[in-house]
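Here is the structure we will look at, set down as structure tokens.
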Amino acid sequence: MNETNAGGVRQRSVEVVVPVHNEAYVLDDSIGRLHSHLEESFPFPFRITIADNASTDETWCRAVELGHRLPHVHAVHLDLKGRGRALKHVWSQSTADVVAYMDVDLSTGLEGFLPLVAPLLSGHSDLAIGSRLHRQADVVRGPKREFISRSYNLLLKLGLAARFSDAQCGFKAVRTDVFLALAPHIEDNAWFFDTELLVLAERNRLRIHEVPVDWVDDPDSRVDIVRTAVDDLKGMARMVRRIATRRVRVAGVPRRVPVPHVPAPRAVLVSHPSSSPEHLEYAS
């Protein structure tokens, strides 16, 4: 990802990961919508990676088909489940300047994606999160999920002194060099991955940018709320112990370097189905 624009300035790039597990029924529509949105309105080189983690339905076959049909889509398969595991795998191998992810149901409005990644591409911030709890967010969801979300984030503030407002919104981005520094210190491979990443970032004085999102609850969500809540509480207890023993400081975390230019007319990143992550090319 070292292409330059007409003025000789290297174009900064983004890889957005969509982790999936048994999502064959919605994959074509969601990836098609995401691809169209980025191709039409996103001003930076981009790549979409479908990360299939241990699906047992037709998800992997459909992901491969999308990789053949859509020029900026790539698919990878993991044999084990876990959103955090999928993100670690793809983000750690990415050659993009910024890595991001979003849930396959696209509950978060895609208009928020450019505001999410722009502060990272410019060098202003280190991580960015979509927030459903921001006062300017527009959220449609049931009272049960609203209560659980607010309660969880309140526990993070009380137990871990967290300052970010929404740990679990499936709409996040991070500078790749920052993630590579933090990744060896992130223990969770499932839903607590997000929280652990954010807590480590805060404890290492990294800047987290928050974007108020438009968000509509997916009525077909199959997340096991009780199990996820228990796992999150266990993760919080582990992080409390790490903070108490000062095992949250990470040496060599890269610091922000502002990028003094605006994007030139967009070049889009093309990944052929046969390409490896190291062999990518651009198309105008």
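By order of appearance in the structure tokens: chains A, B, ..., then residues from 1 within every chain, and ligands from 1 in the order shown.
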Q.
Neighbouring residues of Cys61 of chain A were defined as those with any atom within 10 Å, considering only C-alpha atoms; residues of the same chain fewer than 6 positions away were excluded. Please report them as a PyMOL selection string.
A. chain A and resi 24+67+75
Export of prior selection with N, CA, C and O atoms as a PDB file, in the first residue's frame:
ATOM      1  N   ALA A  24     -24.302 -16.615   6.421  1.00  0.00           N
ATOM      2  CA  ALA A  24     -24.509 -16.768   4.982  1.00  0.00           C
ATOM      3  C   ALA A  24     -25.761 -16.044   4.503  1.00  0.00           C
ATOM      4  O   ALA A  24     -25.792 -15.492   3.403  1.00  0.00           O
ATOM      5  N   GLY A  67     -15.396 -12.397  -3.025  1.00  0.00           N
ATOM      6  CA  GLY A  67     -14.030 -12.023  -3.357  1.00  0.00           C
ATOM      7  C   GLY A  67     -13.758 -12.096  -4.846  1.00  0.00           C
ATOM      8  O   GLY A  67     -12.976 -11.313  -5.385  1.00  0.00           O
ATOM      9  N   ALA A  75     -11.253 -12.508   1.319  1.00  0.00           N
ATOM     10  CA  ALA A  75     -11.811 -13.379   2.352  1.00  0.00           C
ATOM     11  C   ALA A  75     -10.720 -14.228   2.980  1.00  0.00           C
ATOM     12  O   ALA A  75      -9.823 -14.711   2.293  1.00  0.00           O
TER      13      ALA A  75
END
Can I get the residues of segment 44-79 of chain A within 9 Å of segment 94-105 of chain A, each with the closest pair of atoms and their distance in Å to one decimal, using only C-alpha atoms, sorted chain first then ascending number, as CSV?
residue,atom,partner,partner_atom,distance
A:Pro45,CA,A:Ala96,CA,9.0
A:Phe46,CA,A:Ala96,CA,8.2
A:Arg47,CA,A:Ala96,CA,8.5
Take the residues from that selection and put them in a file with N, CA and C atoms, as a tab-separated table (two decimals), in the first residue's frame.
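See again_16.tsv below for the written result:
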chain	number	residue	atom	x	y	z
A	45	PRO	N	-7.78	4.88	-0.52
A	45	PRO	CA	-7.68	3.47	-0.90
A	45	PRO	C	-8.20	2.57	0.22
A	46	PHE	N	-8.96	1.54	-0.16
A	46	PHE	CA	-9.56	0.69	0.86
A	46	PHE	C	-9.55	-0.77	0.42
A	47	ARG	N	-9.75	-1.60	1.42
A	47	ARG	CA	-9.89	-3.04	1.20
A	47	ARG	C	-10.89	-3.56	2.22
Q: Would you list, as a PyMOL selection string, the residues of segment 84-141 of chain A that end up in alpha helix (DSSP H) under DSSP run on this structure's backbone?
A: chain A and resi 84-93+113-121
Write out, as a short mmCIF file (atom, residue, chain, number, x, y, z; two decimals), in the first residue's frame, the residues just selected, with N, CA and C atoms.
data_model
loop_
_atom_site.label_atom_id
_atom_site.label_comp_id
_atom_site.auth_asym_id
_atom_site.auth_seq_id
_atom_site.Cartn_x
_atom_site.Cartn_y
_atom_site.Cartn_z
N GLY A 84 -12.57 -11.38 18.51
CA GLY A 84 -11.24 -10.87 18.79
C GLY A 84 -10.16 -11.63 18.07
N ARG A 85 -10.31 -12.94 17.99
CA ARG A 85 -9.32 -13.78 17.29
C ARG A 85 -9.27 -13.41 15.81
N ALA A 86 -10.43 -13.21 15.20
CA ALA A 86 -10.49 -12.85 13.78
C ALA A 86 -9.84 -11.50 13.54
N LEU A 87 -10.13 -10.53 14.39
CA LEU A 87 -9.56 -9.20 14.21
C LEU A 87 -8.05 -9.21 14.42
N LYS A 88 -7.58 -9.90 15.43
CA LYS A 88 -6.13 -10.01 15.65
C LYS A 88 -5.45 -10.58 14.41
N HIS A 89 -6.02 -11.64 13.87
CA HIS A 89 -5.40 -12.33 12.73
C HIS A 89 -5.26 -11.40 11.53
N VAL A 90 -6.34 -10.72 11.17
CA VAL A 90 -6.31 -9.89 9.97
C VAL A 90 -5.56 -8.59 10.22
N TRP A 91 -5.85 -7.92 11.33
CA TRP A 91 -5.20 -6.64 11.61
C TRP A 91 -3.69 -6.79 11.73
N SER A 92 -3.24 -7.89 12.31
CA SER A 92 -1.79 -8.07 12.51
C SER A 92 -1.04 -8.26 11.20
N GLN A 93 -1.74 -8.69 10.15
CA GLN A 93 -1.10 -8.91 8.86
C GLN A 93 -1.37 -7.80 7.86
N PHE A 113 -18.58 6.08 8.73
CA PHE A 113 -17.28 5.43 8.57
C PHE A 113 -16.16 6.43 8.29
N LEU A 114 -16.38 7.36 7.38
CA LEU A 114 -15.34 8.35 7.10
C LEU A 114 -15.02 9.19 8.35
N PRO A 115 -16.02 9.70 9.09
CA PRO A 115 -15.70 10.41 10.34
C PRO A 115 -14.96 9.53 11.35
N LEU A 116 -15.17 8.21 11.27
CA LEU A 116 -14.49 7.30 12.20
C LEU A 116 -12.99 7.23 11.90
N VAL A 117 -12.62 7.05 10.63
CA VAL A 117 -11.23 6.80 10.30
C VAL A 117 -10.43 8.06 9.97
N ALA A 118 -11.10 9.14 9.61
CA ALA A 118 -10.38 10.36 9.19
C ALA A 118 -9.40 10.88 10.24
N PRO A 119 -9.77 10.93 11.54
CA PRO A 119 -8.81 11.43 12.53
C PRO A 119 -7.58 10.55 12.68
N LEU A 120 -7.69 9.27 12.32
CA LEU A 120 -6.54 8.37 12.39
C LEU A 120 -5.65 8.55 11.17
N LEU A 121 -6.27 8.74 10.02
CA LEU A 121 -5.50 8.95 8.80
C LEU A 121 -4.76 10.28 8.82
#
Q.
Residues near segment 184-198 of chain A, anyone? I mean within 9 Å using only C-alpha atoms, not counting same-chain ones fewer than 6 positions away, as a PyMOL selection string.
A. chain A and resi 81-88+127+156+162+164+167-170+172+208+228+231-232+235-236+239+248+250
Output file for the residues above (N, CA, C and O atoms, as a CSV table (one decimal), in the first residue's frame):
chain,number,residue,atom,x,y,z
A,81,LYS,N,-13.5,-20.0,16.5
A,81,LYS,CA,-14.4,-18.9,16.7
A,81,LYS,C,-13.8,-17.8,17.5
A,81,LYS,O,-12.7,-18.0,18.1
A,82,GLY,N,-14.4,-16.6,17.5
A,82,GLY,CA,-14.0,-15.5,18.3
A,82,GLY,C,-13.8,-14.3,17.5
A,82,GLY,O,-12.9,-14.2,16.6
A,83,ARG,N,-14.6,-13.2,17.8
A,83,ARG,CA,-14.4,-12.0,17.1
A,83,ARG,C,-13.0,-11.4,17.3
A,83,ARG,O,-12.4,-10.9,16.3
A,84,GLY,N,-12.6,-11.4,18.5
A,84,GLY,CA,-11.2,-10.9,18.8
A,84,GLY,C,-10.2,-11.6,18.1
A,84,GLY,O,-9.2,-11.0,17.6
A,85,ARG,N,-10.3,-12.9,18.0
A,85,ARG,CA,-9.3,-13.8,17.3
A,85,ARG,C,-9.3,-13.4,15.8
A,85,ARG,O,-8.2,-13.3,15.2
A,86,ALA,N,-10.4,-13.2,15.2
A,86,ALA,CA,-10.5,-12.9,13.8
A,86,ALA,C,-9.8,-11.5,13.5
A,86,ALA,O,-9.1,-11.3,12.6
A,87,LEU,N,-10.1,-10.5,14.4
A,87,LEU,CA,-9.6,-9.2,14.2
A,87,LEU,C,-8.0,-9.2,14.4
A,87,LEU,O,-7.3,-8.6,13.7
A,88,LYS,N,-7.6,-9.9,15.4
A,88,LYS,CA,-6.1,-10.0,15.6
A,88,LYS,C,-5.4,-10.6,14.4
A,88,LYS,O,-4.4,-10.1,14.0
A,127,LEU,N,-7.0,5.8,18.1
A,127,LEU,CA,-8.1,4.9,18.0
A,127,LEU,C,-9.4,5.7,17.8
A,127,LEU,O,-9.4,6.9,18.2
A,156,LEU,N,-17.6,-0.2,33.7
A,156,LEU,CA,-16.2,0.1,33.2
A,156,LEU,C,-15.7,1.4,33.8
A,156,LEU,O,-14.5,1.5,34.2
A,162,ALA,N,-12.7,4.0,33.2
A,162,ALA,CA,-12.7,4.2,31.7
A,162,ALA,C,-13.4,5.5,31.4
A,162,ALA,O,-14.4,5.9,32.0
A,164,PHE,N,-13.9,6.3,27.9
A,164,PHE,CA,-14.7,6.2,26.7
A,164,PHE,C,-16.1,5.8,27.0
A,164,PHE,O,-16.4,5.2,28.1
A,167,ALA,N,-18.0,0.7,24.9
A,167,ALA,CA,-17.0,-0.2,24.7
A,167,ALA,C,-17.3,-1.2,23.6
A,167,ALA,O,-16.5,-1.7,22.9
A,168,GLN,N,-18.6,-1.6,23.5
A,168,GLN,CA,-19.0,-2.7,22.7
A,168,GLN,C,-19.6,-2.4,21.3
A,168,GLN,O,-20.1,-3.4,20.6
A,169,CYS,N,-19.7,-1.2,20.9
A,169,CYS,CA,-20.3,-0.9,19.6
A,169,CYS,C,-19.4,-1.5,18.5
A,169,CYS,O,-18.2,-1.3,18.5
A,170,GLY,N,-20.0,-2.3,17.6
A,170,GLY,CA,-19.2,-2.9,16.6
A,170,GLY,C,-18.8,-2.0,15.4
A,170,GLY,O,-19.2,-2.3,14.3
A,172,LYS,N,-15.3,0.2,15.0
A,172,LYS,CA,-14.1,0.8,15.6
A,172,LYS,C,-12.9,0.8,14.6
A,172,LYS,O,-13.0,0.1,13.5
A,208,ILE,N,-8.3,8.6,22.0
A,208,ILE,CA,-9.5,7.8,21.5
A,208,ILE,C,-10.5,8.8,21.0
A,208,ILE,O,-11.0,9.6,21.8
A,228,THR,N,-22.1,-13.6,27.3
A,228,THR,CA,-21.2,-12.5,27.0
A,228,THR,C,-21.0,-11.6,28.2
A,228,THR,O,-19.9,-11.2,28.5
A,231,ASP,N,-18.6,-13.4,30.6
A,231,ASP,CA,-17.3,-13.3,30.1
A,231,ASP,C,-16.7,-11.9,30.3
A,231,ASP,O,-15.5,-11.7,30.6
A,232,ASP,N,-17.5,-10.9,30.1
A,232,ASP,CA,-17.1,-9.5,30.2
A,232,ASP,C,-16.7,-9.2,31.7
A,232,ASP,O,-15.7,-8.5,31.9
A,235,GLY,N,-13.4,-10.7,32.4
A,235,GLY,CA,-12.4,-9.8,31.7
A,235,GLY,C,-12.1,-8.6,32.5
A,235,GLY,O,-11.0,-8.2,32.7
A,236,MET,N,-13.2,-7.9,33.0
A,236,MET,CA,-13.0,-6.7,33.9
A,236,MET,C,-12.2,-7.1,35.1
A,236,MET,O,-11.3,-6.3,35.5
A,239,MET,N,-8.6,-7.3,34.2
A,239,MET,CA,-8.0,-6.0,33.9
A,239,MET,C,-7.8,-5.2,35.2
A,239,MET,O,-6.8,-4.5,35.3
A,248,VAL,N,-0.2,-2.9,32.6
A,248,VAL,CA,-0.9,-2.4,31.5
A,248,VAL,C,-0.1,-1.4,30.7
A,248,VAL,O,-0.5,-0.9,29.6
A,250,VAL,N,2.7,-0.4,28.1
A,250,VAL,CA,3.3,-1.0,26.9
A,250,VAL,C,4.4,-0.2,26.4
A,250,VAL,O,4.3,1.0,26.1
Q.
Counting only C-alpha atoms, which residue out of A:Leu110, A:Val240, A:Val257, A:Val73 sits closest to Lys157 of chain A?
A.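 Ranking A:Leu110, A:Val240, A:Val257, A:Val73 by distance to Lys157 of chain A, first place goes to A:Val240.
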Q) Looking only at the backbone, which of the residues in segment 64-254 of chain A does DSSP tag as strand (DSSP E), as a ChimeraX atom specification? A) /A:73-78,98-102,127-131,138-140,171-175,208-212,214-216
Requested write-out: C-alpha atoms of the selected residues, as a JSON list (two decimals), in the first residue's frame:
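Ended up saving to again23.json:
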[["chain", "number", "residue", "atom", "x", "y", "z"],
["A", 73, "VAL", "CA", -13.13, -7.71, -1.31],
["A", 74, "HIS", "CA", -10.87, -10.38, 0.18],
["A", 75, "ALA", "CA", -11.81, -13.38, 2.35],
["A", 76, "VAL", "CA", -9.90, -15.27, 5.03],
["A", 77, "HIS", "CA", -10.92, -18.34, 7.01],
["A", 78, "LEU", "CA", -10.08, -19.24, 10.60],
["A", 98, "VAL", "CA", -5.55, 2.13, 9.51],
["A", 99, "VAL", "CA", -7.50, -1.03, 10.32],
["A", 100, "ALA", "CA", -11.18, -1.02, 11.21],
["A", 101, "TYR", "CA", -14.08, -3.36, 11.69],
["A", 102, "MET", "CA", -17.86, -3.34, 11.65],
["A", 127, "LEU", "CA", -8.09, 4.87, 17.98],
["A", 128, "ALA", "CA", -11.68, 5.69, 17.06],
["A", 129, "ILE", "CA", -14.96, 4.20, 18.26],
["A", 130, "GLY", "CA", -18.57, 4.56, 17.31],
["A", 131, "SER", "CA", -20.66, 5.47, 20.33],
["A", 138, "ASP", "CA", -29.46, 8.30, 17.14],
["A", 139, "VAL", "CA", -30.22, 4.82, 18.42],
["A", 140, "VAL", "CA", -33.17, 2.49, 17.92],
["A", 171, "PHE", "CA", -17.70, 0.03, 14.78],
["A", 172, "LYS", "CA", -14.06, 0.75, 15.58],
["A", 173, "ALA", "CA", -10.75, 1.69, 13.99],
["A", 174, "VAL", "CA", -7.13, 1.91, 15.09],
["A", 175, "ARG", "CA", -3.83, 2.97, 13.56],
["A", 208, "ILE", "CA", -9.46, 7.83, 21.47],
["A", 209, "HIS", "CA", -11.81, 9.65, 19.11],
["A", 210, "GLU", "CA", -15.56, 9.05, 19.55],
["A", 211, "VAL", "CA", -18.13, 9.33, 16.78],
["A", 212, "PRO", "CA", -21.86, 9.52, 17.58],
["A", 214, "ASP", "CA", -26.91, 6.22, 13.88],
["A", 215, "TRP", "CA", -27.63, 2.70, 15.06],
["A", 216, "VAL", "CA", -30.59, 0.34, 14.61]]
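When only C-alpha atoms are used to compute distances to Arg205 of chain A, the closest of the residues A:Arg12, A:His35, A:Arg145, A:Arg255 turns out to be A:Arg255.
The gap separating atom CA of Ser30 of chain A from atom CA of Phe44 of chain A is 20.5 Å, in Å to one decimal.
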**Q.** Surrounding residues of Gly252 of chain A excluding itself and chain neighbours under 2 positions, 10 Å, only C-alpha atoms, as a list in words
**A.**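 Everything that qualifies: Val178, Ala181, Leu182, Arg249, Val250, Pro254 and Arg255 of chain A.
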Selected residues, all heavy atoms, written as a CSV table (one decimal), in the first residue's frame, please.
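Produced file part_23.csv, reproduced below:
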chain,number,residue,atom,x,y,z
A,178,VAL,N,-0.1,1.3,16.0
A,178,VAL,CA,-0.6,1.3,17.4
A,178,VAL,C,-1.1,-0.1,17.7
A,178,VAL,O,-0.7,-0.7,18.8
A,178,VAL,CB,-1.6,2.3,17.6
A,178,VAL,CG1,-2.3,2.1,19.0
A,178,VAL,CG2,-1.0,3.7,17.6
A,181,ALA,N,1.6,-2.7,18.3
A,181,ALA,CA,2.3,-2.6,19.6
A,181,ALA,C,1.4,-3.1,20.8
A,181,ALA,O,1.9,-3.7,21.7
A,181,ALA,CB,2.6,-1.1,19.9
A,182,LEU,N,0.1,-2.9,20.7
A,182,LEU,CA,-0.8,-3.4,21.8
A,182,LEU,C,-1.2,-4.8,21.7
A,182,LEU,O,-1.5,-5.5,22.7
A,182,LEU,CB,-2.1,-2.5,21.8
A,182,LEU,CG,-1.9,-1.0,22.0
A,182,LEU,CD1,-3.3,-0.3,22.0
A,182,LEU,CD2,-1.2,-0.7,23.4
A,249,ARG,N,1.1,-1.1,31.1
A,249,ARG,CA,2.0,-0.2,30.4
A,249,ARG,C,2.7,-0.9,29.3
A,249,ARG,O,3.3,-2.0,29.5
A,249,ARG,CB,2.9,0.5,31.3
A,249,ARG,CG,2.3,1.4,32.3
A,249,ARG,CD,1.3,2.4,31.7
A,249,ARG,NE,2.0,3.3,30.7
A,249,ARG,CZ,2.5,4.5,31.1
A,249,ARG,NH1,2.4,4.9,32.3
A,249,ARG,NH2,3.1,5.3,30.2
A,250,VAL,N,2.7,-0.4,28.1
A,250,VAL,CA,3.3,-1.0,26.9
A,250,VAL,C,4.4,-0.2,26.4
A,250,VAL,O,4.3,1.0,26.1
A,250,VAL,CB,2.3,-1.3,25.8
A,250,VAL,CG1,2.9,-1.9,24.6
A,250,VAL,CG2,1.1,-2.1,26.3
A,254,PRO,N,3.8,3.6,19.3
A,254,PRO,CA,4.0,4.8,18.5
A,254,PRO,C,3.2,6.0,18.8
A,254,PRO,O,2.0,5.8,19.2
A,254,PRO,CB,3.7,4.2,17.1
A,254,PRO,CG,3.6,2.8,17.2
A,254,PRO,CD,3.2,2.5,18.6
A,255,ARG,N,3.7,7.2,18.7
A,255,ARG,CA,3.0,8.4,19.0
A,255,ARG,C,2.5,9.0,17.7
A,255,ARG,O,3.0,8.8,16.6
A,255,ARG,CB,3.9,9.3,19.8
A,255,ARG,CG,4.3,8.8,21.1
A,255,ARG,CD,3.0,8.4,22.0
A,255,ARG,NE,3.4,7.6,23.1
A,255,ARG,CZ,2.5,7.1,24.0
A,255,ARG,NH1,1.2,7.5,23.9
A,255,ARG,NH2,2.8,6.3,25.0
Q. Quick one: distance from atom CA of Ile243 of chain A to atom CA of Arg227 of chain A in Å, one decimal?
A. 24.4 Å
Q.
Report, in Å to a single decimal, how far apart atom CA of His124 of chain A and atom CA of Ser149 of chain A are.
A.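 Computing the Euclidean distance for atom CA of Ser149 of chain A and atom CA of His124 of chain A yields 28.1 Å.
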